[in-house]
file target_16.cif (mmCIF, C-alpha atoms)
data_coords
#
loop_
_atom_site.label_atom_id
_atom_site.label_comp_id
_atom_site.auth_asym_id
_atom_site.auth_seq_id
_atom_site.Cartn_x
_atom_site.Cartn_y
_atom_site.Cartn_z
CA MET A 1 -16.31 13.54 16.86
CA ASP A 2 -13.83 10.70 16.38
CA SER A 3 -13.12 8.38 19.31
CA GLY A 4 -10.29 5.86 19.07
CA GLY A 5 -7.55 4.14 20.99
CA SER A 6 -5.38 7.25 21.19
CA GLY A 7 -8.08 9.62 22.41
CA LEU A 8 -11.03 11.69 21.31
CA ARG A 9 -11.05 14.45 18.67
CA VAL A 10 -13.82 16.96 18.01
CA ALA A 11 -14.37 19.26 15.05
CA LEU A 12 -16.82 22.11 14.58
CA GLY A 13 -17.80 22.96 11.03
CA ALA A 14 -20.18 25.13 9.05
CA VAL A 15 -22.97 23.53 7.06
CA GLY A 16 -21.75 24.98 3.78
CA SER A 17 -18.00 24.35 4.15
CA ASP A 18 -15.85 21.22 3.94
CA ALA A 19 -13.08 22.55 6.18
CA PRO A 20 -13.52 22.52 9.98
CA LEU A 21 -13.80 25.90 11.69
CA ALA A 22 -12.00 24.58 14.77
CA THR A 23 -10.78 21.30 16.23
CA ALA A 24 -9.79 20.07 19.68
CA ALA A 25 -8.35 16.85 21.08
CA CYS A 26 -8.74 15.01 24.38
CA ALA A 27 -5.76 12.78 25.11
CA GLU A 28 -7.61 10.24 27.25
CA PRO A 29 -9.29 7.40 25.33
CA VAL A 30 -12.94 6.76 26.16
CA ARG A 31 -13.22 3.86 28.59
CA THR A 32 -14.84 0.55 27.76
CA GLY A 33 -16.73 -1.27 30.52
CA PRO A 34 -19.07 -4.23 30.99
CA ARG A 35 -21.77 -2.47 28.93
CA GLY A 36 -19.39 -1.52 26.13
CA ILE A 37 -18.13 1.99 25.36
CA ASP A 38 -18.77 4.17 28.41
CA ALA A 39 -21.30 6.85 27.41
CA ALA A 40 -20.80 8.89 30.60
CA HIS A 41 -17.04 9.04 30.10
CA LEU A 42 -17.49 10.08 26.48
CA LEU A 43 -19.91 12.87 27.44
CA GLU A 44 -17.57 13.96 30.25
CA GLN A 45 -14.99 14.82 27.60
CA LEU A 46 -17.22 15.77 24.68
CA LEU A 47 -19.53 18.32 26.30
CA PRO A 48 -16.90 20.77 27.64
CA THR A 49 -14.89 20.39 24.42
CA ALA A 50 -17.93 21.20 22.29
CA ALA A 51 -18.70 24.20 24.50
CA GLU A 52 -15.10 25.41 24.09
CA LEU A 53 -15.29 25.13 20.29
CA LEU A 54 -18.57 27.05 20.23
CA ALA A 55 -17.09 29.72 22.48
CA ARG A 56 -14.20 30.17 20.03
CA GLN A 57 -16.80 31.18 17.45
CA GLY A 58 -18.20 33.78 19.83
CA GLY A 59 -21.10 31.58 20.86
CA ARG A 60 -22.85 32.32 17.58
CA GLY A 61 -25.13 29.88 15.81
CA ARG A 62 -26.41 26.49 16.89
CA ILE A 63 -25.51 22.86 16.32
CA ALA A 64 -27.49 21.79 13.26
CA ALA A 65 -26.34 18.17 13.39
CA ALA A 66 -23.77 15.96 15.08
CA ALA A 67 -21.97 12.80 14.00
CA ILE A 68 -20.05 10.62 16.43
CA GLY A 69 -17.67 7.99 15.10
CA ALA A 70 -16.12 5.52 17.49
CA ALA A 71 -13.85 2.52 17.28
CA GLY A 72 -15.90 -0.44 18.48
CA MET A 73 -19.25 1.25 17.80
CA ALA A 74 -20.56 -1.75 15.87
CA THR A 75 -19.97 -4.30 18.63
CA LEU A 76 -19.57 -2.19 21.80
CA GLY A 77 -21.87 0.76 21.11
CA ASP A 78 -25.15 -0.29 22.74
CA GLN A 79 -24.78 2.17 25.64
CA LEU A 80 -23.91 5.01 23.26
CA ARG A 81 -26.96 4.29 21.11
CA SER A 82 -29.25 4.17 24.15
CA GLU A 83 -27.95 7.20 26.07
CA LEU A 84 -26.36 9.72 23.70
CA PRO A 85 -29.43 10.89 21.75
CA ALA A 86 -31.29 12.24 24.79
CA ALA A 87 -28.11 13.53 26.45
CA LEU A 88 -26.97 15.51 23.39
CA ALA A 89 -30.48 16.81 22.72
CA ASP A 90 -30.80 18.07 26.30
CA THR A 91 -27.32 19.56 26.68
CA LEU A 92 -26.42 20.83 23.20
CA GLY A 93 -29.82 21.03 21.53
CA VAL A 94 -28.85 18.39 18.96
CA ARG A 95 -31.85 17.39 16.85
CA ARG A 96 -30.02 15.47 14.12
CA LEU A 97 -27.53 12.82 15.18
CA ALA A 98 -25.57 10.02 13.52
CA LEU A 99 -23.70 7.34 15.48
CA ALA A 100 -21.17 5.57 13.28
CA ALA A 101 -18.44 2.96 13.40
CA ASP A 102 -15.01 4.45 12.78
CA ALA A 103 -14.77 2.45 9.55
CA VAL A 104 -17.84 4.35 8.29
CA THR A 105 -16.39 7.75 9.17
CA ALA A 106 -13.12 6.67 7.54
CA TYR A 107 -15.14 5.75 4.45
CA ALA A 108 -16.86 9.15 4.41
CA GLY A 109 -13.49 10.86 4.78
CA ALA A 110 -11.87 8.86 1.97
CA VAL A 111 -14.63 8.24 -0.57
CA GLY A 112 -17.40 10.63 0.47
CA GLN A 113 -20.93 9.58 -0.45
CA ARG A 114 -20.09 7.61 -3.58
CA PRO A 115 -20.03 3.82 -4.05
CA GLY A 116 -16.63 2.35 -3.25
CA ALA A 117 -14.59 0.82 -0.47
CA VAL A 118 -12.18 1.76 2.26
CA VAL A 119 -9.47 -0.26 3.97
CA ALA A 120 -8.55 1.02 7.43
CA GLY A 121 -5.16 -0.34 8.43
CA GLY A 122 -3.23 0.17 11.63
CA THR A 123 -2.51 -2.41 14.28
CA GLY A 124 -5.48 -4.29 12.82
CA LEU A 125 -7.23 -4.17 9.47
CA ILE A 126 -10.83 -3.86 8.32
CA ALA A 127 -12.44 -3.21 4.94
CA LEU A 128 -15.84 -1.65 4.39
CA GLY A 129 -17.67 -1.03 1.14
CA THR A 130 -21.06 0.12 -0.11
CA ASP A 131 -23.08 0.46 -3.27
CA LEU A 132 -25.24 2.99 -1.32
CA THR A 133 -27.94 0.38 -0.68
CA GLY A 134 -26.10 -1.54 2.06
CA TRP A 135 -22.71 -2.13 3.66
CA ARG A 136 -20.27 -5.01 3.22
CA ARG A 137 -17.56 -5.70 5.79
CA ALA A 138 -14.45 -7.88 5.61
CA ASP A 139 -12.02 -8.77 8.40
CA GLY A 140 -11.48 -6.61 11.46
CA TRP A 141 -11.71 -9.77 13.59
CA GLY A 142 -8.65 -9.09 15.74
CA HIS A 143 -5.10 -10.39 15.64
CA LEU A 144 -6.02 -13.95 16.68
CA LEU A 145 -8.79 -14.49 14.13
CA GLY A 146 -7.85 -12.19 11.28
CA ASP A 147 -6.70 -8.60 10.68
CA SER A 148 -4.69 -10.19 7.87
CA GLY A 149 -2.16 -7.80 6.38
CA GLY A 150 -2.45 -5.34 9.27
CA GLY A 151 0.38 -4.06 11.42
CA ALA A 152 0.21 -6.84 14.03
CA TRP A 153 0.05 -9.45 11.25
CA ILE A 154 3.14 -8.02 9.54
CA GLY A 155 5.03 -7.64 12.81
CA ARG A 156 4.24 -11.18 13.92
CA ALA A 157 5.33 -12.57 10.55
CA GLY A 158 8.58 -10.61 10.81
CA LEU A 159 9.26 -11.87 14.33
CA ASP A 160 8.47 -15.41 13.23
CA ALA A 161 11.07 -15.13 10.45
CA ALA A 162 13.56 -13.72 12.94
CA MET A 163 13.03 -16.60 15.37
CA ARG A 164 13.40 -19.06 12.49
CA ALA A 165 16.78 -17.55 11.72
CA HIS A 166 17.75 -17.83 15.39
CA ASP A 167 16.83 -21.54 15.37
CA GLY A 168 18.32 -22.27 11.97
CA ARG A 169 14.94 -23.26 10.54
CA ARG A 170 13.88 -22.80 6.94
CA GLY A 171 12.30 -19.44 6.11
CA GLY A 172 14.42 -17.47 8.56
CA SER A 173 15.75 -13.97 8.04
CA PRO A 174 19.09 -12.95 9.59
CA ALA A 175 18.28 -9.33 8.79
CA LEU A 176 15.04 -9.47 10.78
CA LEU A 177 16.79 -11.33 13.59
CA ALA A 178 19.27 -8.46 13.83
CA ARG A 179 16.41 -5.97 14.03
CA LEU A 180 14.61 -8.08 16.66
CA GLU A 181 17.72 -8.05 18.87
CA ALA A 182 18.21 -4.32 18.33
CA VAL A 183 14.62 -3.56 19.36
CA PHE A 184 13.81 -6.21 21.99
CA GLY A 185 17.13 -7.69 23.08
CA PRO A 186 18.24 -11.34 22.90
CA ALA A 187 15.83 -13.47 20.88
CA PRO A 188 15.32 -16.20 23.54
CA GLU A 189 14.01 -13.52 25.93
CA LEU A 190 11.27 -12.31 23.54
CA PRO A 191 8.52 -14.73 24.69
CA GLY A 192 8.95 -13.58 28.29
CA LEU A 193 8.67 -9.97 27.17
CA LEU A 194 5.71 -10.49 24.83
CA TYR A 195 3.33 -13.03 26.34
CA PRO A 196 2.58 -11.29 29.67
CA ARG A 197 1.69 -8.04 27.89
CA THR A 198 -1.97 -7.04 27.62
CA ASP A 199 -1.13 -4.91 24.56
CA ARG A 200 0.37 -7.75 22.50
CA PRO A 201 -1.19 -6.60 19.19
CA ALA A 202 0.42 -3.17 19.56
CA VAL A 203 3.80 -4.73 20.47
CA LEU A 204 3.62 -6.98 17.40
CA ALA A 205 2.64 -4.02 15.21
CA SER A 206 5.60 -2.01 16.51
CA PHE A 207 7.88 -4.40 14.59
CA ALA A 208 6.10 -3.86 11.25
CA PRO A 209 8.21 -0.79 10.33
CA GLU A 210 11.34 -2.90 10.87
CA VAL A 211 10.01 -5.35 8.26
CA ALA A 212 9.52 -2.43 5.87
CA VAL A 213 13.08 -1.20 6.44
CA CYS A 214 14.50 -4.66 5.72
CA ALA A 215 12.33 -5.25 2.64
CA ALA A 216 14.67 -3.27 0.36
CA HIS A 217 17.49 -5.83 0.80
CA ASP A 218 15.91 -8.91 2.38
CA PRO A 219 13.73 -11.25 0.28
CA VAL A 220 11.98 -12.70 3.34
CA ALA A 221 10.86 -9.26 4.53
CA GLU A 222 9.87 -8.33 0.99
CA GLY A 223 7.81 -11.52 0.78
CA ILE A 224 6.01 -10.71 4.04
CA LEU A 225 4.92 -7.31 2.70
CA ARG A 226 3.89 -8.85 -0.62
CA ASP A 227 1.74 -11.39 1.23
CA ALA A 228 0.29 -8.56 3.35
CA ALA A 229 -0.58 -6.65 0.17
CA GLY A 230 -2.41 -9.71 -1.14
CA HIS A 231 -4.49 -9.94 2.03
CA ILE A 232 -5.30 -6.21 1.97
CA ALA A 233 -6.37 -6.32 -1.67
CA ALA A 234 -8.47 -9.43 -1.01
CA ALA A 235 -10.32 -7.62 1.80
CA ALA A 236 -10.96 -4.66 -0.51
CA ALA A 237 -12.16 -6.98 -3.29
CA ALA A 238 -14.59 -8.68 -0.88
CA VAL A 239 -16.40 -5.41 -0.10
CA CYS A 240 -16.00 -3.29 -3.24
CA PRO A 241 -19.19 -2.95 -5.32
CA LYS A 242 -19.22 -5.03 -8.45
CA ALA A 243 -18.64 -3.07 -11.66
CA GLY A 244 -21.86 -2.23 -13.48
CA ALA A 245 -22.66 -2.57 -17.13
CA ASP A 246 -20.78 0.63 -17.84
CA ASP A 247 -17.68 -0.70 -16.03
CA GLU A 248 -17.78 2.22 -13.61
CA GLU A 249 -14.53 2.79 -11.74
CA TYR A 250 -14.70 2.79 -7.94
CA GLU A 251 -12.36 4.34 -5.42
CA VAL A 252 -10.66 2.27 -2.76
CA GLY A 253 -9.57 4.54 0.07
CA LEU A 254 -6.53 3.49 2.11
CA THR A 255 -6.50 5.05 5.53
CA GLY A 256 -4.57 4.56 8.74
CA GLY A 257 -0.99 4.45 9.95
CA LEU A 258 -0.26 1.14 8.21
CA PHE A 259 -0.03 2.86 4.84
CA ARG A 260 2.54 5.35 6.09
CA MET A 261 5.08 2.57 5.53
CA GLY A 262 5.29 3.93 2.00
CA ASP A 263 6.60 2.12 -1.06
CA PRO A 264 7.70 -1.15 0.56
CA LEU A 265 3.99 -1.88 1.15
CA LEU A 266 2.27 0.44 -1.34
CA VAL A 267 4.11 -0.79 -4.44
CA PRO A 268 3.06 -4.45 -4.03
CA LEU A 269 -0.38 -3.29 -2.85
CA ARG A 270 -0.95 -1.27 -6.03
CA GLU A 271 0.05 -4.35 -8.04
CA GLU A 272 -2.35 -6.57 -6.09
CA LEU A 273 -5.22 -4.09 -6.37
CA ALA A 274 -4.66 -3.87 -10.13
CA ARG A 275 -4.79 -7.66 -10.31
CA GLN A 276 -7.73 -8.28 -7.99
CA LEU A 277 -9.70 -5.06 -8.65
CA PRO A 278 -8.70 -3.88 -12.12
CA ARG A 279 -11.46 -1.24 -12.25
CA ALA A 280 -10.74 0.27 -8.84
CA ARG A 281 -8.59 3.33 -8.17
CA ALA A 282 -6.60 3.36 -4.94
CA VAL A 283 -6.58 6.61 -2.98
CA PRO A 284 -3.73 6.36 -0.44
CA GLY A 285 -3.35 8.64 2.54
CA SER A 286 -7.02 9.61 2.60
CA GLY A 287 -9.92 9.07 4.94
CA ASP A 288 -9.40 10.95 8.19
CA PRO A 289 -12.32 9.68 10.33
CA LEU A 290 -12.78 13.11 11.94
CA ILE A 291 -13.28 14.77 8.55
CA GLY A 292 -15.58 11.87 7.64
CA ALA A 293 -17.68 12.48 10.75
CA LEU A 294 -17.89 16.16 9.84
CA ARG A 295 -19.06 15.27 6.32
CA ILE A 296 -21.75 12.96 7.71
CA ALA A 297 -22.96 15.69 10.05
CA GLN A 298 -23.08 18.22 7.18
CA ALA A 299 -25.06 15.81 5.00
CA LEU A 300 -27.43 15.05 7.87
CA ALA A 301 -27.96 18.78 8.50
CA THR A 302 -29.03 19.37 4.91
CA GLY A 303 -31.06 16.19 4.45
CA GLY A 304 -28.51 14.90 1.95
CA LEU A 305 -27.14 11.80 3.69
CA LEU A 306 -26.77 9.09 1.04
CA LEU A 307 -24.71 6.54 2.98
CA PRO A 308 -26.98 3.64 3.98
CA HIS A 309 -28.35 3.43 7.49
CA HIS A 310 -27.44 0.35 9.52
CA PRO A 311 -28.41 -0.65 13.09
CA THR A 312 -24.80 -0.67 14.30
CA LEU A 313 -22.55 0.73 11.54
CA LEU A 314 -24.49 3.96 10.86
CA CYS A 315 -27.41 4.57 13.19
CA ILE A 316 -29.54 7.74 12.89
CA PRO A 317 -31.42 7.96 16.21
CA LEU A 318 -32.30 11.66 15.77
CA SER A 319 -33.34 12.96 12.38
CA GLY A 320 -34.74 16.40 13.17
CA PRO A 321 -37.89 18.08 14.44
CA ASP A 322 -41.13 16.23 13.88
CA PRO A 323 -43.79 18.74 12.78
CA ARG A 324 -46.55 16.42 13.97
CA SER A 325 -45.33 16.76 17.54
CA GLY A 326 -44.97 20.53 17.61
CA GLY A 327 -41.25 20.57 16.85
CA GLY A 328 -40.10 17.78 19.17
CA ARG A 329 -37.33 15.46 18.10
CA THR A 330 -37.95 12.46 15.95
CA GLU A 331 -36.35 9.16 16.86
CA GLN A 332 -36.07 6.72 13.99
CA GLY A 333 -34.74 3.24 13.72
CA SER A 334 -32.24 2.20 11.12
#
call {"tool": "encode", "arguments": {"input": "target_16.cif", "output": "structure tokens"}}
result
Amino acid sequence: MDSGGSGLRVALGAVGSDAPLATAACAEPVRTGPRGIDAAHLLEQLLPTAAELLARQGGRGRIAAAAIGAAGMATLGDQLRSELPAALADTLGVRRLALAADAVTAYAGAVGQRPGAVVAGGTGLIALGTDLTGWRRADGWGHLLGDSGGGAWIGRAGLDAAMRAHDGRRGGSPALLARLEAVFGPAPELPGLLYPRTDRPAVLASFAPEVAVCAAHDPVAEGILRDAAGHIAAAAAAVCPKAGADDEEYEVGLTGGLFRMGDPLLVPLREELARQLPRARAVPGSGDPLIGALRIAQALATGGLLLPHHPTLLCIPLSGPDPRSGGGRTEQGS
């Protein structure tokens, strides 16, 4: 399962196959409340969806393992970690369970179970890497404290350059000002449109594609994307395992809507990665978190999970029947 800002997706797979047998999507995002991600609301959507997927297979077989990836799991997942293991064991018979941050499932989808790094870029930006003994994280601190190089960062920089052009200040871009007015209306009205919004990061990020369009003919827009590429590469460099004595090459997976901007961002990003991580190989367009969750569940089912456990990033609260207790479930810490 993959839970994010746009909704919840569920996949059913076979232990011996990489491809999902069936998938389903729930359009409503899981709510977040005072105790973090709402476990009851997640189960309200997950349980009937899982039953539907099993029914499509004729009700045959059983769930050998489950992996749930969720945006905010690391910081807002306490309720999920406390309530989901017993609920899924009782309702679906789950005896092996992994609860993961969406950056971890993105990593599993992009890199698999090898040492490397992944950069997940959308409205925000976070990098996660492992040498298979522990995890390293960089950024993902939100649009006020970081997310440097992400969609909101690029969009804000583009709007800043547009407003500079409107004022006649140095560093302005008439091309971006024209796009601002085409998208939002007169420039002086933008603060009134933007500041009352509760979804300001998403509004800022909505202007990032306009920066990419202008980059082909506007040096200011091109410079914004080049600076963004530097920040993205720096985040990857902060988490990527250090090359060993044999100078082993590591993969850096690039996942998320940010990288669908294409060459205006990817060309300078490849240059920055080559400069900052000369022994890394970028893998763009990879790392679907749902496929990553499926891979984690498959590895858990066969006892082959190599990704390191972590109390909040990759928690394994159920690891299978405990023979000492007559087949009851084992709960283990991370």
call {"tool": "resolve_selection", "arguments": {"input": "target_16.cif", "expression": "the PyMOL selection byres ((chain A and resi 138) around 8)", "output": "list of chain:residue names"}}
result
A:Ile126, A:Ala127, A:Leu128, A:Arg136, A:Arg137, A:Asp139, A:Gly140, A:Ala235, A:Ala236, A:Ala238, A:Val239
call {"tool": "closest_residue", "arguments": {"input": "target_16.cif", "among": "A:Ala182, A:Ala67, A:Pro317, A:Val203", "to": "Glu83 of chain A", "atoms": "all atoms listed in the file"}}
result
A:Pro317
call {"tool": "residues_around", "arguments": {"input": "target_16.cif", "residues": "segment 166-169 of chain A", "least_positions_apart": "4", "cutoff": "10 Å", "atoms": "all atoms listed in the file", "output": "PDB file with C-alpha atoms, in the coordinates of the input"}}
result
ATOM      1  CA  ASP A 160       8.470 -15.410  13.230  1.00  0.00           C
ATOM      2  CA  ALA A 161      11.070 -15.130  10.450  1.00  0.00           C
ATOM      3  CA  ALA A 162      13.560 -13.720  12.940  1.00  0.00           C
ATOM      4  CA  SER A 173      15.750 -13.970   8.040  1.00  0.00           C
ATOM      5  CA  PRO A 174      19.090 -12.950   9.590  1.00  0.00           C
ATOM      6  CA  LEU A 176      15.040  -9.470  10.780  1.00  0.00           C
ATOM      7  CA  LEU A 177      16.790 -11.330  13.590  1.00  0.00           C
ATOM      8  CA  ALA A 178      19.270  -8.460  13.830  1.00  0.00           C
ATOM      9  CA  PRO A 186      18.240 -11.340  22.900  1.00  0.00           C
ATOM     10  CA  ALA A 187      15.830 -13.470  20.880  1.00  0.00           C
ATOM     11  CA  PRO A 188      15.320 -16.200  23.540  1.00  0.00           C
TER      12      PRO A 188
END
call {"tool": "closest_residue", "arguments": {"input": "target_16.cif", "among": "A:Pro278, A:Gly320, A:Gly192, A:Gly150", "to": "Glu248 of chain A", "atoms": "all atoms listed in the file"}}
result
A:Pro278
call {"tool": "closest_residue", "arguments": {"input": "target_16.cif", "among": "A:Pro219, A:Gly158, A:Gly5, A:Gly13", "to": "Ala297 of chain A", "atoms": "all atoms listed in the file"}}
result
A:Gly13
call {"tool": "closest_residue", "arguments": {"input": "target_16.cif", "among": "A:Ser17, A:Thr198, A:Thr123, A:Thr32", "to": "Ser3 of chain A", "atoms": "only C-alpha atoms"}}
result
A:Thr32
call {"tool": "atom_distance", "arguments": {"input": "target_16.cif", "atom1": "atom CA of Leu194 of chain A", "atom2": "atom CA of Leu225 of chain A"}}
result
22.4 Å
call {"tool": "closest_residue", "arguments": {"input": "target_16.cif", "among": "A:Gly256, A:Gly122, A:Gly230, A:Pro48", "to": "Glu271 of chain A", "atoms": "all atoms listed in the file"}}
result
A:Gly230
call {"tool": "atom_distance", "arguments": {"input": "target_16.cif", "atom1": "atom CA of Pro284 of chain A", "atom2": "atom CA of Ala229 of chain A"}}
result
13.4 Å
call {"tool": "resolve_selection", "arguments": {"input": "target_16.cif", "expression": "the PyMOL selection byres ((chain A and resi 14) around 12)", "output": "NGL selection string"}}
result
:A and (11-13 or 15-22 or 54 or 57 or 60-66 or 294-295 or 297-299 or 301-302)
call {"tool": "residues_near_point", "arguments": {"input": "target_16.cif", "point": "(-14.2, 15.9, 28.2)", "cutoff": "10 Å", "atoms": "all atoms listed in the file", "output": "ChimeraX atom specification"}}
result
/A:8,25-28,30,40-50
call {"tool": "residues_around", "arguments": {"input": "target_16.cif", "residues": "Ile224 of chain A", "least_positions_apart": "5", "cutoff": "8 Å", "atoms": "only C-alpha atoms", "output": "PyMOL selection string"}}
result
chain A and resi 154+157-158+211
call {"tool": "write_last_selection", "arguments": {"input": "target_16.cif", "atoms": "C-alpha atoms", "output": "PDB file, in the frame of the given file"}}
result
ATOM      1  CA  ILE A 154       3.140  -8.020   9.540  1.00  0.00           C
ATOM      2  CA  ALA A 157       5.330 -12.570  10.550  1.00  0.00           C
ATOM      3  CA  GLY A 158       8.580 -10.610  10.810  1.00  0.00           C
ATOM      4  CA  VAL A 211      10.010  -5.350   8.260  1.00  0.00           C
TER       5      VAL A 211
END
call {"tool": "residues_around", "arguments": {"input": "target_16.cif", "residues": "Ala212 of chain A", "least_positions_apart": "5", "cutoff": "10 Å", "atoms": "all atoms listed in the file", "output": "PDB file with C-alpha atoms, in the coordinates of the input"}}
result
ATOM      1  CA  ILE A 154       3.140  -8.020   9.540  1.00  0.00           C
ATOM      2  CA  GLY A 155       5.030  -7.640  12.810  1.00  0.00           C
ATOM      3  CA  GLY A 158       8.580 -10.610  10.810  1.00  0.00           C
ATOM      4  CA  PHE A 207       7.880  -4.400  14.590  1.00  0.00           C
ATOM      5  CA  ASP A 218      15.910  -8.910   2.380  1.00  0.00           C
ATOM      6  CA  ALA A 221      10.860  -9.260   4.530  1.00  0.00           C
ATOM      7  CA  GLU A 222       9.870  -8.330   0.990  1.00  0.00           C
ATOM      8  CA  ILE A 224       6.010 -10.710   4.040  1.00  0.00           C
ATOM      9  CA  LEU A 225       4.920  -7.310   2.700  1.00  0.00           C
ATOM     10  CA  MET A 261       5.080   2.570   5.530  1.00  0.00           C
ATOM     11  CA  GLY A 262       5.290   3.930   2.000  1.00  0.00           C
ATOM     12  CA  ASP A 263       6.600   2.120  -1.060  1.00  0.00           C
ATOM     13  CA  PRO A 264       7.700  -1.150   0.560  1.00  0.00           C
ATOM     14  CA  LEU A 265       3.990  -1.880   1.150  1.00  0.00           C
TER      15      LEU A 265
END
call {"tool": "resolve_selection", "arguments": {"input": "target_16.cif", "expression": "the PyMOL selection byres ((chain A and resi 104-108) around 6)", "output": "list in words"}}
result
Ala101, Asp102, Ala103, Gly109, Ala110, Val111, Gly112, Val118, Gly287, Asp288, Pro289, Gly292 and Ala293 of chain A
call {"tool": "residues_around", "arguments": {"input": "target_16.cif", "residues": "Leu190 of chain A", "least_positions_apart": "5", "cutoff": "10 Å", "atoms": "all atoms listed in the file", "output": "PDB file with C-alpha atoms, in the coordinates of the input"}}
result
ATOM      1  CA  LEU A 159       9.260 -11.870  14.330  1.00  0.00           C
ATOM      2  CA  MET A 163      13.030 -16.600  15.370  1.00  0.00           C
ATOM      3  CA  LEU A 180      14.610  -8.080  16.660  1.00  0.00           C
ATOM      4  CA  GLU A 181      17.720  -8.050  18.870  1.00  0.00           C
ATOM      5  CA  PHE A 184      13.810  -6.210  21.990  1.00  0.00           C
ATOM      6  CA  GLY A 185      17.130  -7.690  23.080  1.00  0.00           C
ATOM      7  CA  TYR A 195       3.330 -13.030  26.340  1.00  0.00           C
TER       8      TYR A 195
END
call {"tool": "atom_distance", "arguments": {"input": "target_16.cif", "atom1": "atom CA of Gly253 of chain A", "atom2": "atom CA of Gly223 of chain A"}}
result
23.7 Å
call {"tool": "closest_residue", "arguments": {"input": "target_16.cif", "among": "A:Leu314, A:Ala98, A:Leu84, A:Ala71", "to": "Pro29 of chain A", "atoms": "all atoms listed in the file"}}
result
A:Ala71
call {"tool": "residues_around", "arguments": {"input": "target_16.cif", "residues": "Thr133 of chain A", "least_positions_apart": "4", "cutoff": "10 Å", "atoms": "all atoms listed in the file", "output": "ChimeraX atom specification"}}
result
/A:115,306-309
call {"tool": "axis_aligned_box", "arguments": {"input": "target_16.cif", "around": "segment 304-313 of chain A", "padding_each_side": "3 Å", "output": "JSON"}}
result
{"center_x": -25.5, "center_y": 7.1, "center_z": 7.7, "size_x": 12.0, "size_y": 21.6, "size_z": 19.3}
call {"tool": "build_atoms", "arguments": {"input": "target_16.cif", "residues": "segment 202-213 of chain A", "atoms": "N, CA and C atoms", "output": "PDB file, in the coordinates of the input"}}
result
ATOM      1  N   ALA A 202      -0.354  -4.394  19.794  1.00  0.00           N
ATOM      2  CA  ALA A 202       0.420  -3.170  19.560  1.00  0.00           C
ATOM      3  C   ALA A 202       1.915  -3.462  19.562  1.00  0.00           C
ATOM      4  N   VAL A 203       2.376  -4.374  20.436  1.00  0.00           N
ATOM      5  CA  VAL A 203       3.800  -4.730  20.470  1.00  0.00           C
ATOM      6  C   VAL A 203       4.185  -5.410  19.161  1.00  0.00           C
ATOM      7  N   LEU A 204       3.350  -6.329  18.681  1.00  0.00           N
ATOM      8  CA  LEU A 204       3.620  -6.980  17.400  1.00  0.00           C
ATOM      9  C   LEU A 204       3.677  -5.945  16.285  1.00  0.00           C
ATOM     10  N   ALA A 205       2.702  -5.028  16.272  1.00  0.00           N
ATOM     11  CA  ALA A 205       2.640  -4.020  15.210  1.00  0.00           C
ATOM     12  C   ALA A 205       3.843  -3.087  15.246  1.00  0.00           C
ATOM     13  N   SER A 206       4.444  -2.909  16.420  1.00  0.00           N
ATOM     14  CA  SER A 206       5.600  -2.010  16.510  1.00  0.00           C
ATOM     15  C   SER A 206       6.785  -2.535  15.714  1.00  0.00           C
ATOM     16  N   PHE A 207       6.774  -3.836  15.372  1.00  0.00           N
ATOM     17  CA  PHE A 207       7.880  -4.400  14.590  1.00  0.00           C
ATOM     18  C   PHE A 207       7.616  -4.296  13.090  1.00  0.00           C
ATOM     19  N   ALA A 208       6.414  -3.942  12.685  1.00  0.00           N
ATOM     20  CA  ALA A 208       6.100  -3.860  11.250  1.00  0.00           C
ATOM     21  C   ALA A 208       6.995  -2.872  10.514  1.00  0.00           C
ATOM     22  N   PRO A 209       7.299  -1.683  11.050  1.00  0.00           N
ATOM     23  CA  PRO A 209       8.210  -0.790  10.330  1.00  0.00           C
ATOM     24  C   PRO A 209       9.603  -1.383  10.129  1.00  0.00           C
ATOM     25  N   GLU A 210      10.038  -2.246  11.042  1.00  0.00           N
ATOM     26  CA  GLU A 210      11.340  -2.900  10.870  1.00  0.00           C
ATOM     27  C   GLU A 210      11.305  -3.841   9.654  1.00  0.00           C
ATOM     28  N   VAL A 211      10.163  -4.499   9.448  1.00  0.00           N
ATOM     29  CA  VAL A 211      10.010  -5.350   8.260  1.00  0.00           C
ATOM     30  C   VAL A 211      10.108  -4.500   7.007  1.00  0.00           C
ATOM     31  N   ALA A 212       9.468  -3.316   7.036  1.00  0.00           N
ATOM     32  CA  ALA A 212       9.520  -2.430   5.870  1.00  0.00           C
ATOM     33  C   ALA A 212      10.931  -1.953   5.583  1.00  0.00           C
ATOM     34  N   VAL A 213      11.695  -1.649   6.625  1.00  0.00           N
ATOM     35  CA  VAL A 213      13.080  -1.200   6.440  1.00  0.00           C
ATOM     36  C   VAL A 213      13.917  -2.305   5.803  1.00  0.00           C
TER      37      VAL A 213
END
